[in-house]
Structures are given as structure tokens and as C-alpha cells.
$ cat work_32.cif   # mmCIF, C-alpha atoms; chains and numbers go by the auth columns
data_protein
loop_
_atom_site.group_PDB
_atom_site.id
_atom_site.type_symbol
_atom_site.label_atom_id
_atom_site.label_comp_id
_atom_site.label_asym_id
_atom_site.label_seq_id
_atom_site.Cartn_x
_atom_site.Cartn_y
_atom_site.Cartn_z
_atom_site.B_iso_or_equiv
_atom_site.auth_seq_id
_atom_site.auth_asym_id
ATOM 1 C CA MET A 1 126.104 126.455 51.238 0.00 1 N
ATOM 2 C CA GLU A 2 127.732 128.519 48.488 0.00 2 N
ATOM 3 C CA THR A 3 127.278 132.264 48.516 0.00 3 N
ATOM 4 C CA GLN A 4 125.771 134.058 45.529 0.00 4 N
ATOM 5 C CA ALA A 5 129.155 135.691 44.805 0.00 5 N
ATOM 6 C CA ALA A 6 130.862 132.295 44.665 0.00 6 N
ATOM 7 C CA LYS A 7 128.216 130.955 42.285 0.00 7 N
ATOM 8 C CA SER A 8 128.602 133.990 40.041 0.00 8 N
ATOM 9 C CA SER A 9 132.358 133.540 39.838 0.00 9 N
ATOM 10 C CA LEU A 10 131.888 129.940 38.789 0.00 10 N
ATOM 11 C CA HIS A 11 129.575 131.035 35.985 0.00 11 N
ATOM 12 C CA ILE A 12 132.062 133.659 34.780 0.00 12 N
ATOM 13 C CA LEU A 13 134.967 131.192 34.635 0.00 13 N
ATOM 14 C CA PRO A 14 133.389 127.804 33.842 0.00 14 N
ATOM 15 C CA ASP A 15 136.452 126.472 32.040 0.00 15 N
ATOM 16 C CA ALA A 16 139.208 127.793 34.313 0.00 16 N
ATOM 17 C CA PRO A 17 142.357 125.643 33.982 0.00 17 N
ATOM 18 C CA ALA A 18 143.618 123.638 36.866 0.00 18 N
ATOM 19 C CA ALA A 19 146.037 125.430 39.167 0.00 19 N
ATOM 20 C CA PRO A 20 149.680 124.840 38.224 0.00 20 N
ATOM 21 C CA PRO A 21 151.737 122.706 40.550 0.00 21 N
ATOM 22 C CA ARG A 22 153.485 124.392 43.470 0.00 22 N
ATOM 23 C CA ASN A 23 156.931 123.896 41.906 0.00 23 N
ATOM 24 C CA ALA A 24 155.810 125.930 38.875 0.00 24 N
ATOM 25 C CA PHE A 25 155.068 128.897 41.128 0.00 25 N
ATOM 26 C CA ALA A 26 158.478 128.480 42.760 0.00 26 N
ATOM 27 C CA ALA A 27 160.151 128.522 39.349 0.00 27 N
ATOM 28 C CA LEU A 28 158.306 131.699 38.391 0.00 28 N
ATOM 29 C CA ARG A 29 159.322 133.419 41.630 0.00 29 N
ATOM 30 C CA GLN A 30 162.949 132.429 41.075 0.00 30 N
ATOM 31 C CA PHE A 31 162.829 133.743 37.496 0.00 31 N
ATOM 32 C CA ALA A 32 161.363 137.047 38.666 0.00 32 N
ATOM 33 C CA ARG A 33 164.075 137.475 41.294 0.00 33 N
ATOM 34 C CA ALA A 34 166.836 136.655 38.800 0.00 34 N
ATOM 35 C CA ARG A 35 165.792 139.334 36.310 0.00 35 N
ATOM 36 C CA ASN A 36 167.334 142.754 36.838 0.00 36 N
ATOM 37 C CA PRO A 37 165.174 145.815 36.258 0.00 37 N
ATOM 38 C CA LEU A 38 165.757 147.316 32.816 0.00 38 N
ATOM 39 C CA GLU A 39 168.246 150.186 32.990 0.00 39 N
ATOM 40 C CA ARG A 40 167.777 153.152 30.692 0.00 40 N
ATOM 41 C CA CYS A 41 169.778 156.244 29.828 0.00 41 N
ATOM 42 C CA GLU A 42 168.691 159.006 32.178 0.00 42 N
ATOM 43 C CA LEU A 43 168.947 161.560 29.373 0.00 43 N
ATOM 44 C CA CYS A 44 167.320 159.898 26.357 0.00 44 N
ATOM 45 C CA SER A 45 165.737 156.740 27.889 0.00 45 N
ATOM 46 C CA ALA A 46 167.639 154.393 25.555 0.00 46 N
ATOM 47 C CA GLU A 47 168.069 150.846 26.889 0.00 47 N
ATOM 48 C CA LEU A 48 171.461 150.304 28.522 0.00 48 N
ATOM 49 C CA PRO A 49 173.717 147.242 28.637 0.00 49 N
ATOM 50 C CA GLY A 50 175.057 145.961 31.944 0.00 50 N
ATOM 51 C CA GLU A 51 178.322 147.883 31.449 0.00 51 N
ATOM 52 C CA HIS A 52 177.579 151.479 30.503 0.00 52 N
ATOM 53 C CA ASP A 53 178.833 155.014 30.906 0.00 53 N
ATOM 54 C CA HIS A 54 178.079 157.414 33.735 0.00 54 N
ATOM 55 C CA LEU A 55 177.796 161.171 33.782 0.00 55 N
ATOM 56 C CA PHE A 56 178.526 163.227 36.885 0.00 56 N
ATOM 57 C CA ASP A 57 176.863 166.462 37.949 0.00 57 N
ATOM 58 C CA PRO A 58 179.619 168.229 39.958 0.00 58 N
ATOM 59 C CA ALA A 59 177.273 170.775 41.521 0.00 59 N
ATOM 60 C CA ALA A 60 174.800 168.188 42.844 0.00 60 N
ATOM 61 C CA ARG A 61 177.399 165.395 43.182 0.00 61 N
ATOM 62 C CA GLN A 62 174.991 163.103 41.403 0.00 62 N
ATOM 63 C CA LEU A 63 175.691 160.241 38.999 0.00 63 N
ATOM 64 C CA LEU A 64 173.523 159.506 35.970 0.00 64 N
ATOM 65 C CA CYS A 65 173.490 156.382 33.828 0.00 65 N
ATOM 66 C CA ALA A 66 174.083 157.240 30.162 0.00 66 N
ATOM 67 C CA CYS A 67 174.139 155.563 26.772 0.00 67 N
ATOM 68 C CA ASN A 68 177.280 155.845 24.665 0.00 68 N
ATOM 69 C CA ALA A 69 175.794 158.535 22.400 0.00 69 N
ATOM 70 C CA CYS A 70 174.809 160.810 25.297 0.00 70 N
ATOM 71 C CA ALA A 71 178.119 160.210 27.069 0.00 71 N
ATOM 72 C CA ILE A 72 180.059 161.247 23.950 0.00 72 N
ATOM 73 C CA LEU A 73 178.161 164.560 23.895 0.00 73 N
ATOM 74 C CA PHE A 74 179.772 165.487 27.195 0.00 74 N
ATOM 75 C CA SER A 75 183.309 164.263 26.441 0.00 75 N
ATOM 76 C CA GLY A 76 185.804 167.082 26.770 0.00 76 N
ATOM 77 C CA GLN A 77 183.191 169.746 27.515 0.00 77 N
ATOM 78 C CA GLY A 78 184.568 171.411 30.612 0.00 78 N
ATOM 79 C CA LYS A 79 181.698 173.908 30.979 0.00 79 N
ATOM 80 C CA ALA A 80 178.853 171.417 30.501 0.00 80 N
ATOM 81 C CA LYS A 81 176.517 170.611 33.377 0.00 81 N
ATOM 82 C CA PHE A 82 177.555 166.961 33.289 0.00 82 N
ATOM 83 C CA ARG A 83 181.009 165.417 33.034 0.00 83 N
ATOM 84 C CA ARG A 84 181.642 162.017 31.473 0.00 84 N
ATOM 85 C CA VAL A 85 183.163 159.622 33.996 0.00 85 N
ATOM 86 C CA PRO A 86 186.205 157.763 32.643 0.00 86 N
ATOM 87 C CA ARG A 87 186.476 154.006 33.105 0.00 87 N
ATOM 88 C CA ARG A 88 190.225 153.878 33.752 0.00 88 N
ATOM 89 C CA VAL A 89 191.316 152.349 37.051 0.00 89 N
ATOM 90 C CA GLU A 90 195.004 152.592 37.852 0.00 90 N
ATOM 91 C CA LEU A 91 196.773 151.050 40.834 0.00 91 N
ATOM 92 C CA LEU A 92 199.558 153.301 42.148 0.00 92 N
ATOM 93 C CA PRO A 93 202.014 150.966 43.921 0.00 93 N
ATOM 94 C CA SER A 94 204.712 153.647 44.071 0.00 94 N
ATOM 95 C CA PHE A 95 202.507 156.294 45.646 0.00 95 N
ATOM 96 C CA ALA A 96 204.680 158.180 48.128 0.00 96 N
ATOM 97 C CA ILE A 97 203.078 158.893 51.510 0.00 97 N
ATOM 98 C CA THR A 98 204.329 158.338 55.035 0.00 98 N
ATOM 99 C CA ASP A 99 202.204 157.415 58.028 0.00 99 N
ATOM 100 C CA GLU A 100 202.872 160.904 59.410 0.00 100 N
ATOM 101 C CA GLN A 101 201.597 162.502 56.206 0.00 101 N
ATOM 102 C CA TRP A 102 198.466 160.397 56.317 0.00 102 N
ATOM 103 C CA LEU A 103 197.816 161.376 59.917 0.00 103 N
ATOM 104 C CA SER A 104 198.319 165.038 59.002 0.00 104 N
ATOM 105 C CA LEU A 105 195.237 164.802 56.770 0.00 105 N
ATOM 106 C CA GLN A 106 193.207 164.335 59.986 0.00 106 N
ATOM 107 C CA LEU A 107 190.658 161.928 58.507 0.00 107 N
ATOM 108 C CA PRO A 108 188.430 159.914 60.864 0.00 108 N
ATOM 109 C CA ILE A 109 188.721 156.615 58.954 0.00 109 N
ATOM 110 C CA LYS A 110 191.196 154.867 56.662 0.00 110 N
ATOM 111 C CA LEU A 111 189.018 154.941 53.535 0.00 111 N
ATOM 112 C CA ALA A 112 188.734 158.166 51.541 0.00 112 N
ATOM 113 C CA PHE A 113 188.720 159.644 48.062 0.00 113 N
ATOM 114 C CA PHE A 114 190.126 162.985 46.945 0.00 114 N
ATOM 115 C CA PHE A 115 189.208 164.965 43.817 0.00 115 N
ATOM 116 C CA HIS A 116 189.346 168.501 42.499 0.00 116 N
ATOM 117 C CA SER A 117 185.867 169.997 42.755 0.00 117 N
ATOM 118 C CA THR A 118 185.258 172.704 40.157 0.00 118 N
ATOM 119 C CA PRO A 119 182.218 174.148 42.000 0.00 119 N
ATOM 120 C CA LEU A 120 184.347 174.535 45.138 0.00 120 N
ATOM 121 C CA ASN A 121 187.512 175.411 43.200 0.00 121 N
ATOM 122 C CA ARG A 122 189.567 173.249 45.523 0.00 122 N
ATOM 123 C CA VAL A 123 190.387 169.672 46.398 0.00 123 N
ATOM 124 C CA ALA A 124 187.603 167.899 48.287 0.00 124 N
ATOM 125 C CA VAL A 125 187.889 164.738 50.338 0.00 125 N
ATOM 126 C CA LEU A 126 184.987 162.417 51.090 0.00 126 N
ATOM 127 C CA TYR A 127 184.859 159.212 53.066 0.00 127 N
ATOM 128 C CA PRO A 128 182.186 156.483 53.012 0.00 128 N
ATOM 129 C CA SER A 129 180.002 156.099 56.060 0.00 129 N
ATOM 130 C CA PRO A 130 176.711 154.407 57.017 0.00 130 N
ATOM 131 C CA ALA A 131 175.066 157.785 56.340 0.00 131 N
ATOM 132 C CA GLY A 132 176.546 158.070 52.832 0.00 132 N
ATOM 133 C CA ALA A 133 179.451 160.082 51.445 0.00 133 N
ATOM 134 C CA THR A 134 180.688 162.472 54.138 0.00 134 N
ATOM 135 C CA GLU A 135 182.939 165.421 53.391 0.00 135 N
ATOM 136 C CA ALA A 136 185.864 166.157 55.671 0.00 136 N
ATOM 137 C CA SER A 137 188.069 169.189 56.028 0.00 137 N
ATOM 138 C CA PHE A 138 191.810 168.774 55.864 0.00 138 N
ATOM 139 C CA PRO A 139 194.904 171.004 55.769 0.00 139 N
ATOM 140 C CA ILE A 140 195.529 172.009 52.153 0.00 140 N
ATOM 141 C CA GLU A 141 199.244 172.228 52.962 0.00 141 N
ATOM 142 C CA SER A 142 199.273 168.476 53.532 0.00 142 N
ATOM 143 C CA TRP A 143 197.694 167.889 50.122 0.00 143 N
ATOM 144 C CA ASN A 144 200.170 170.228 48.418 0.00 144 N
ATOM 145 C CA GLU A 145 203.002 168.262 49.979 0.00 145 N
ATOM 146 C CA LEU A 146 201.565 165.015 48.627 0.00 146 N
ATOM 147 C CA ALA A 147 201.038 166.512 45.171 0.00 147 N
ATOM 148 C CA ALA A 148 204.660 167.660 45.058 0.00 148 N
ATOM 149 C CA ALA A 149 205.822 164.100 45.784 0.00 149 N
ATOM 150 C CA ASN A 150 203.221 162.464 43.509 0.00 150 N
ATOM 151 C CA PRO A 151 202.695 164.354 40.223 0.00 151 N
ATOM 152 C CA VAL A 152 199.885 161.975 39.287 0.00 152 N
ATOM 153 C CA LEU A 153 197.663 164.001 41.630 0.00 153 N
ATOM 154 C CA THR A 154 197.955 167.007 39.320 0.00 154 N
ATOM 155 C CA GLN A 155 196.853 164.860 36.371 0.00 155 N
ATOM 156 C CA LEU A 156 193.486 163.772 37.762 0.00 156 N
ATOM 157 C CA GLU A 157 190.578 164.917 35.607 0.00 157 N
ATOM 158 C CA PRO A 158 188.606 167.453 37.680 0.00 158 N
ATOM 159 C CA ASP A 159 185.378 166.230 39.308 0.00 159 N
ATOM 160 C CA VAL A 160 185.434 162.717 37.838 0.00 160 N
ATOM 161 C CA GLU A 161 188.838 161.205 38.721 0.00 161 N
ATOM 162 C CA THR A 162 189.932 160.567 42.277 0.00 162 N
ATOM 163 C CA LEU A 163 192.714 159.386 44.474 0.00 163 N
ATOM 164 C CA LEU A 164 191.041 156.478 46.264 0.00 164 N
ATOM 165 C CA VAL A 165 192.838 155.395 49.428 0.00 165 N
ATOM 166 C CA ASN A 166 192.402 152.135 51.317 0.00 166 N
ATOM 167 C CA ARG A 167 194.458 151.776 54.486 0.00 167 N
ATOM 168 C CA THR A 168 192.073 149.418 56.303 0.00 168 N
ATOM 169 C CA ASN A 169 193.226 146.085 57.726 0.00 169 N
ATOM 170 C CA LYS A 170 196.903 146.977 57.184 0.00 170 N
ATOM 171 C CA ALA A 171 196.366 147.689 53.473 0.00 171 N
ATOM 172 C CA HIS A 172 198.250 150.538 51.806 0.00 172 N
ATOM 173 C CA ASP A 173 196.496 150.756 48.452 0.00 173 N
ATOM 174 C CA TYR A 174 196.172 153.867 46.327 0.00 174 N
ATOM 175 C CA TYR A 175 194.184 154.085 43.105 0.00 175 N
ATOM 176 C CA ARG A 176 193.538 156.575 40.365 0.00 176 N
ATOM 177 C CA ALA A 177 189.857 155.731 40.160 0.00 177 N
ATOM 178 C CA PRO A 178 186.712 157.089 38.489 0.00 178 N
ATOM 179 C CA ILE A 179 184.326 158.734 40.890 0.00 179 N
ATOM 180 C CA ASP A 180 181.510 156.273 40.133 0.00 180 N
ATOM 181 C CA GLN A 181 183.604 153.503 41.705 0.00 181 N
ATOM 182 C CA CYS A 182 183.985 155.612 44.846 0.00 182 N
ATOM 183 C CA PHE A 183 180.239 156.084 45.105 0.00 183 N
ATOM 184 C CA LYS A 184 179.803 152.363 44.521 0.00 184 N
ATOM 185 C CA LEU A 185 181.935 151.799 47.629 0.00 185 N
ATOM 186 C CA VAL A 186 179.820 154.356 49.492 0.00 186 N
ATOM 187 C CA GLY A 187 176.698 152.407 48.510 0.00 187 N
ATOM 188 C CA ILE A 188 178.168 149.111 49.697 0.00 188 N
ATOM 189 C CA ILE A 189 178.968 150.531 53.110 0.00 189 N
ATOM 190 C CA ARG A 190 175.679 152.362 53.435 0.00 190 N
ATOM 191 C CA THR A 191 173.608 149.252 52.716 0.00 191 N
ATOM 192 C CA THR A 192 175.637 146.601 54.559 0.00 192 N
ATOM 193 C CA TRP A 193 177.085 148.363 57.625 0.00 193 N
ATOM 194 C CA ARG A 194 175.680 147.164 60.946 0.00 194 N
ATOM 195 C CA GLY A 195 176.421 148.508 64.431 0.00 195 N
ATOM 196 C CA LEU A 196 179.605 150.330 65.362 0.00 196 N
ATOM 197 C CA SER A 197 182.107 147.956 63.784 0.00 197 N
ATOM 198 C CA GLY A 198 180.224 147.260 60.549 0.00 198 N
ATOM 199 C CA GLY A 199 179.880 143.513 60.916 0.00 199 N
ATOM 200 C CA SER A 200 181.412 140.660 58.942 0.00 200 N
ATOM 201 C CA ASP A 201 179.085 141.104 55.957 0.00 201 N
ATOM 202 C CA ALA A 202 180.098 144.731 55.445 0.00 202 N
ATOM 203 C CA TRP A 203 183.813 143.992 55.657 0.00 203 N
ATOM 204 C CA ALA A 204 183.483 141.018 53.321 0.00 204 N
ATOM 205 C CA ASN A 205 181.807 143.278 50.761 0.00 205 N
ATOM 206 C CA ILE A 206 184.466 145.970 51.171 0.00 206 N
ATOM 207 C CA GLU A 207 187.210 143.397 50.663 0.00 207 N
ATOM 208 C CA GLN A 208 185.454 142.039 47.574 0.00 208 N
ATOM 209 C CA PHE A 209 185.102 145.558 46.161 0.00 209 N
ATOM 210 C CA PHE A 210 188.842 146.163 46.371 0.00 210 N
ATOM 211 C CA THR A 211 189.627 142.693 45.026 0.00 211 N
ATOM 212 C CA ASP A 212 187.497 143.440 41.965 0.00 212 N
ATOM 213 C CA LEU A 213 188.980 146.931 41.623 0.00 213 N
ATOM 214 C CA ARG A 214 192.505 145.540 41.684 0.00 214 N
ATOM 215 C CA LYS A 215 191.629 142.976 39.006 0.00 215 N
ATOM 216 C CA ARG A 216 190.376 145.622 36.583 0.00 216 N
ATOM 217 C CA SER A 217 193.168 148.100 37.270 0.00 217 N
ATOM 218 C CA ARG A 218 196.433 148.500 35.464 0.00 218 N
ATOM 219 C CA ARG A 219 199.551 149.080 37.510 0.00 219 N
ATOM 220 C CA SER A 220 201.460 152.324 37.271 0.00 220 N
ATOM 221 C CA SER A 221 204.893 153.261 38.550 0.00 221 N
ATOM 222 C CA ARG A 222 204.496 156.927 37.619 0.00 222 N
ATOM 223 C CA ALA A 223 203.035 158.083 40.933 0.00 223 N
ATOM 224 C CA SER A 224 206.260 159.408 42.375 0.00 224 N
ATOM 225 C CA GLN A 225 207.990 160.368 39.121 0.00 225 N
#
$ encode --input "work_32.cif" --output "C-alpha cells"
Amino acid sequence: METQAAKSSLHILPDAPAAPPRNAFAALRQFARARNPLERCELCSAELPGEHDHLFDPAARQLLCACNACAILFSGQGKAKFRRVPRRVELLPSFAITDEQWLSLQLPIKLAFFFHSTPLNRVAVLYPSPAGATEASFPIESWNELAAANPVLTQLEPDVETLLVNRTNKAHDYYRAPIDQCFKLVGIIRTTWRGLSGGSDAWANIEQFFTDLRKRSRRSSRASQ
């Protein structure tokens, strides 16, 4: 016997269409998953394309998505709160560093990025970890020795350009890289790392990150000149 509530609902919707077939629901779910959430400029809320600029807050070490107009406002303004992140990626195949020099930096892993921090008024080094970007201390004398052998290190734009180092799995790769790419690597490791060793999925994603970075980089032989 139908309840009164059921009868009422039938009276409200007497001409309700037939339910769509199950495959229609599947198609809708697939379409919903395929669509990316709309990205907007975090300063003016303008809609952003897939490839867009980033601004960096050196004090908070925070990245913001920005439209071209807002990004231009911060180009070349050294005292502004935000710094525009360049898009240049440069592979440094002639970067001069020995195994002993690397060990003298006393870093716990073989992935790291170095940049001049204006709030700290010194070079900072961070490495990606399952907990996020972790800052390490290192002997400044070791960095000065590297900078003397590799003048490119003195040309990095403060706060937003880094020396990105990958010495994992016998790699010896050194990049002049924008800081947003470094935090992208941090995000990959933070979201995919499992257990003590990371797991195959994490290492596959790390390898793919550096494959993509190498493809978009231009080679430079100026590192040790």
C-alpha cells in the first residue's frame, strides 16, 4: 500500500520523464571527471588559461596564480610584496661540482633547490619531502665555492629562480629553474610518496617530472664560464 507521501509526490510530478539509461549516467560522470575546475587570477579573479603566470610571496613562500595583466604589474618591482616567477628553464650540463662538494653541503637527500631569499638575506636550500618543502642548513662556505666555479649562480633572480639539483638514481642534472617548478616537484612527492622508500608510483612521477622539465629547457654551457 502506497504511503501518503508517495502519492503526493506522484501528484506533484505526473509527467516525469523516464529515467535515462545507465550508460547516460556513466557518460555524465566521465564528463564531470574530465573537466578541470576553472582557475582564476588570485588577485583580480580573471579567468586563466591552462598555462599562466605565477607570483611568489617571498615572506610567506606562497605561490599565486595570476593573469598576464596582474603579473606584468609586478615585473621588475624588487620591493613589491609579490615577485613574478619567470618561465625560463635552463639545463646546465657544464655545471661544475664534485661529489666531495656535494657531500659538503650535508643534505639528507639528493633532490634540492637553492635560491637567494630576500627576507632571510641569504641563500636558502629546500628539499622535497612527504611533509612538504623542508629547509636545510648548510655551510655557506660550500655555496661560495660553488658560486666561484659557476657564475650562473650569481645571476639567479632573487626569490624566484633556483638551482634545482637532481642526483637521484645516478643522475647528475642541474637546472636554472623557476621556483614554481620546484614547488610542483614538492607537490608530486607529497601526494604520491608511500612508506619509507616512496614506492614505484612516486618514483615514476618524479622521473616524469624531470623528463618534462628537460624537454622544455634550453641547454646552456655558461655554467662554469
$ resolve_selection --input "work_32.cif" --expression "the PyMOL selection byres ((chain N and resi 54) around 12)" --output "ChimeraX atom specification"
/N:40-43,48,50-53,55-57,62-72,74-75,82-87,160,178-181,183
$ atom_distance --input "work_32.cif" --atom1 "atom CA of N:Ala131" --atom2 "atom CA of N:Thr192"
11.3 Å
$ residues_around --input "work_32.cif" --residues "stretch 114-129 of chain N" --least-positions-apart "5" --cutoff "8 Å" --atoms "all atoms listed in the file" --output "PyMOL selection string"
chain N and resi 58-59+109+134-138+156-164+185-186+189-190
$ resolve_selection --input "work_32.cif" --expression "the PyMOL selection byres ((chain N and resi 90-105) around 10)" --output "PyMOL selection string"
chain N and resi 87-89+106-108+110+125+136-143+145-153+163-164+167+172-178+213-225
$ axis_aligned_box --input "work_32.cif" --around "stretch 114-117 of chain N" --padding-each-side "4 Å" --output "JSON"
{"center_x": 188.0, "center_y": 166.5, "center_z": 44.7, "size_x": 12.3, "size_y": 15.0, "size_z": 12.4}
$ resolve_selection --input "work_32.cif" --expression "the PyMOL selection byres ((chain N and resi 203) around 12)" --output "list in words"
Thr168, Asn169, Leu185, Ile188, Ile189, Arg190, Thr191, Thr192, Trp193, Arg194, Ser197, Gly198, Gly199, Ser200, Asp201, Ala202, Ala204, Asn205, Ile206, Glu207, Gln208, Phe209 and Phe210 of chain N
$ closest_residue --input "work_32.cif" --among "N:Lys170, N:Pro130, N:Cys182, N:Thr154" --to "N:Leu196" --atoms "all atoms listed in the file"
N:Pro130
$ atom_distance --input "work_32.cif" --atom1 "atom CA of N:Arg61" --atom2 "atom CA of N:Gly195"
27.2 Å
$ atom_distance --input "work_32.cif" --atom1 "atom CA of N:Ala112" --atom2 "atom CA of N:Asn166"
7.1 Å
$ build_atoms --input "work_32.cif" --residues "stretch 181-203 of chain N" --atoms "N, CA and C atoms" --output "PDB file, in the frame of the given file"
ATOM      1  N   GLN N 181     183.168 154.619  40.874  1.00  0.00           N
ATOM      2  CA  GLN N 181     183.604 153.503  41.705  1.00  0.00           C
ATOM      3  C   GLN N 181     183.630 153.895  43.182  1.00  0.00           C
ATOM      4  N   CYS N 182     183.975 155.139  43.459  1.00  0.00           N
ATOM      5  CA  CYS N 182     183.985 155.612  44.846  1.00  0.00           C
ATOM      6  C   CYS N 182     182.576 155.626  45.427  1.00  0.00           C
ATOM      7  N   PHE N 183     181.613 156.071  44.619  1.00  0.00           N
ATOM      8  CA  PHE N 183     180.239 156.084  45.105  1.00  0.00           C
ATOM      9  C   PHE N 183     179.650 154.675  45.178  1.00  0.00           C
ATOM     10  N   LYS N 184     180.197 153.768  44.378  1.00  0.00           N
ATOM     11  CA  LYS N 184     179.803 152.363  44.521  1.00  0.00           C
ATOM     12  C   LYS N 184     180.238 151.845  45.891  1.00  0.00           C
ATOM     13  N   LEU N 185     181.450 152.184  46.298  1.00  0.00           N
ATOM     14  CA  LEU N 185     181.935 151.799  47.629  1.00  0.00           C
ATOM     15  C   LEU N 185     181.074 152.430  48.720  1.00  0.00           C
ATOM     16  N   VAL N 186     180.703 153.685  48.534  1.00  0.00           N
ATOM     17  CA  VAL N 186     179.820 154.356  49.492  1.00  0.00           C
ATOM     18  C   VAL N 186     178.510 153.582  49.626  1.00  0.00           C
ATOM     19  N   GLY N 187     177.949 153.148  48.493  1.00  0.00           N
ATOM     20  CA  GLY N 187     176.698 152.407  48.510  1.00  0.00           C
ATOM     21  C   GLY N 187     176.821 151.076  49.224  1.00  0.00           C
ATOM     22  N   ILE N 188     177.942 150.394  49.030  1.00  0.00           N
ATOM     23  CA  ILE N 188     178.168 149.111  49.697  1.00  0.00           C
ATOM     24  C   ILE N 188     178.160 149.292  51.211  1.00  0.00           C
ATOM     25  N   ILE N 189     178.883 150.305  51.667  1.00  0.00           N
ATOM     26  CA  ILE N 189     178.968 150.531  53.110  1.00  0.00           C
ATOM     27  C   ILE N 189     177.632 150.995  53.669  1.00  0.00           C
ATOM     28  N   ARG N 190     176.956 151.839  52.943  1.00  0.00           N
ATOM     29  CA  ARG N 190     175.679 152.362  53.435  1.00  0.00           C
ATOM     30  C   ARG N 190     174.638 151.263  53.592  1.00  0.00           C
ATOM     31  N   THR N 191     174.655 150.282  52.697  1.00  0.00           N
ATOM     32  CA  THR N 191     173.608 149.252  52.716  1.00  0.00           C
ATOM     33  C   THR N 191     173.970 148.019  53.535  1.00  0.00           C
ATOM     34  N   THR N 192     175.255 147.828  53.856  1.00  0.00           N
ATOM     35  CA  THR N 192     175.637 146.601  54.559  1.00  0.00           C
ATOM     36  C   THR N 192     176.169 146.838  55.972  1.00  0.00           C
ATOM     37  N   TRP N 193     176.485 148.074  56.313  1.00  0.00           N
ATOM     38  CA  TRP N 193     177.085 148.363  57.625  1.00  0.00           C
ATOM     39  C   TRP N 193     176.075 148.132  58.744  1.00  0.00           C
ATOM     40  N   ARG N 194     176.532 147.434  59.795  1.00  0.00           N
ATOM     41  CA  ARG N 194     175.680 147.164  60.946  1.00  0.00           C
ATOM     42  C   ARG N 194     176.450 147.476  62.226  1.00  0.00           C
ATOM     43  N   GLY N 195     175.811 148.218  63.141  1.00  0.00           N
ATOM     44  CA  GLY N 195     176.421 148.508  64.431  1.00  0.00           C
ATOM     45  C   GLY N 195     177.612 149.442  64.312  1.00  0.00           C
ATOM     46  N   LEU N 196     178.451 149.441  65.334  1.00  0.00           N
ATOM     47  CA  LEU N 196     179.605 150.330  65.362  1.00  0.00           C
ATOM     48  C   LEU N 196     180.757 149.823  64.517  1.00  0.00           C
ATOM     49  N   SER N 197     180.951 148.518  64.486  1.00  0.00           N
ATOM     50  CA  SER N 197     182.107 147.956  63.784  1.00  0.00           C
ATOM     51  C   SER N 197     181.813 147.566  62.346  1.00  0.00           C
ATOM     52  N   GLY N 198     180.566 147.590  61.924  1.00  0.00           N
ATOM     53  CA  GLY N 198     180.224 147.260  60.549  1.00  0.00           C
ATOM     54  C   GLY N 198     179.692 145.864  60.366  1.00  0.00           C
ATOM     55  N   GLY N 199     180.309 144.896  61.052  1.00  0.00           N
ATOM     56  CA  GLY N 199     179.880 143.513  60.916  1.00  0.00           C
ATOM     57  C   GLY N 199     180.633 142.788  59.813  1.00  0.00           C
ATOM     58  N   SER N 200     180.632 141.478  59.873  1.00  0.00           N
ATOM     59  CA  SER N 200     181.412 140.660  58.942  1.00  0.00           C
ATOM     60  C   SER N 200     180.927 140.809  57.508  1.00  0.00           C
ATOM     61  N   ASP N 201     179.628 140.984  57.306  1.00  0.00           N
ATOM     62  CA  ASP N 201     179.085 141.104  55.957  1.00  0.00           C
ATOM     63  C   ASP N 201     179.594 142.369  55.284  1.00  0.00           C
ATOM     64  N   ALA N 202     179.614 143.475  56.012  1.00  0.00           N
ATOM     65  CA  ALA N 202     180.098 144.731  55.445  1.00  0.00           C
ATOM     66  C   ALA N 202     181.567 144.627  55.056  1.00  0.00           C
ATOM     67  N   TRP N 203     182.381 144.067  55.955  1.00  0.00           N
ATOM     68  CA  TRP N 203     183.813 143.992  55.657  1.00  0.00           C
ATOM     69  C   TRP N 203     184.109 142.995  54.538  1.00  0.00           C
TER      70      TRP N 203
END
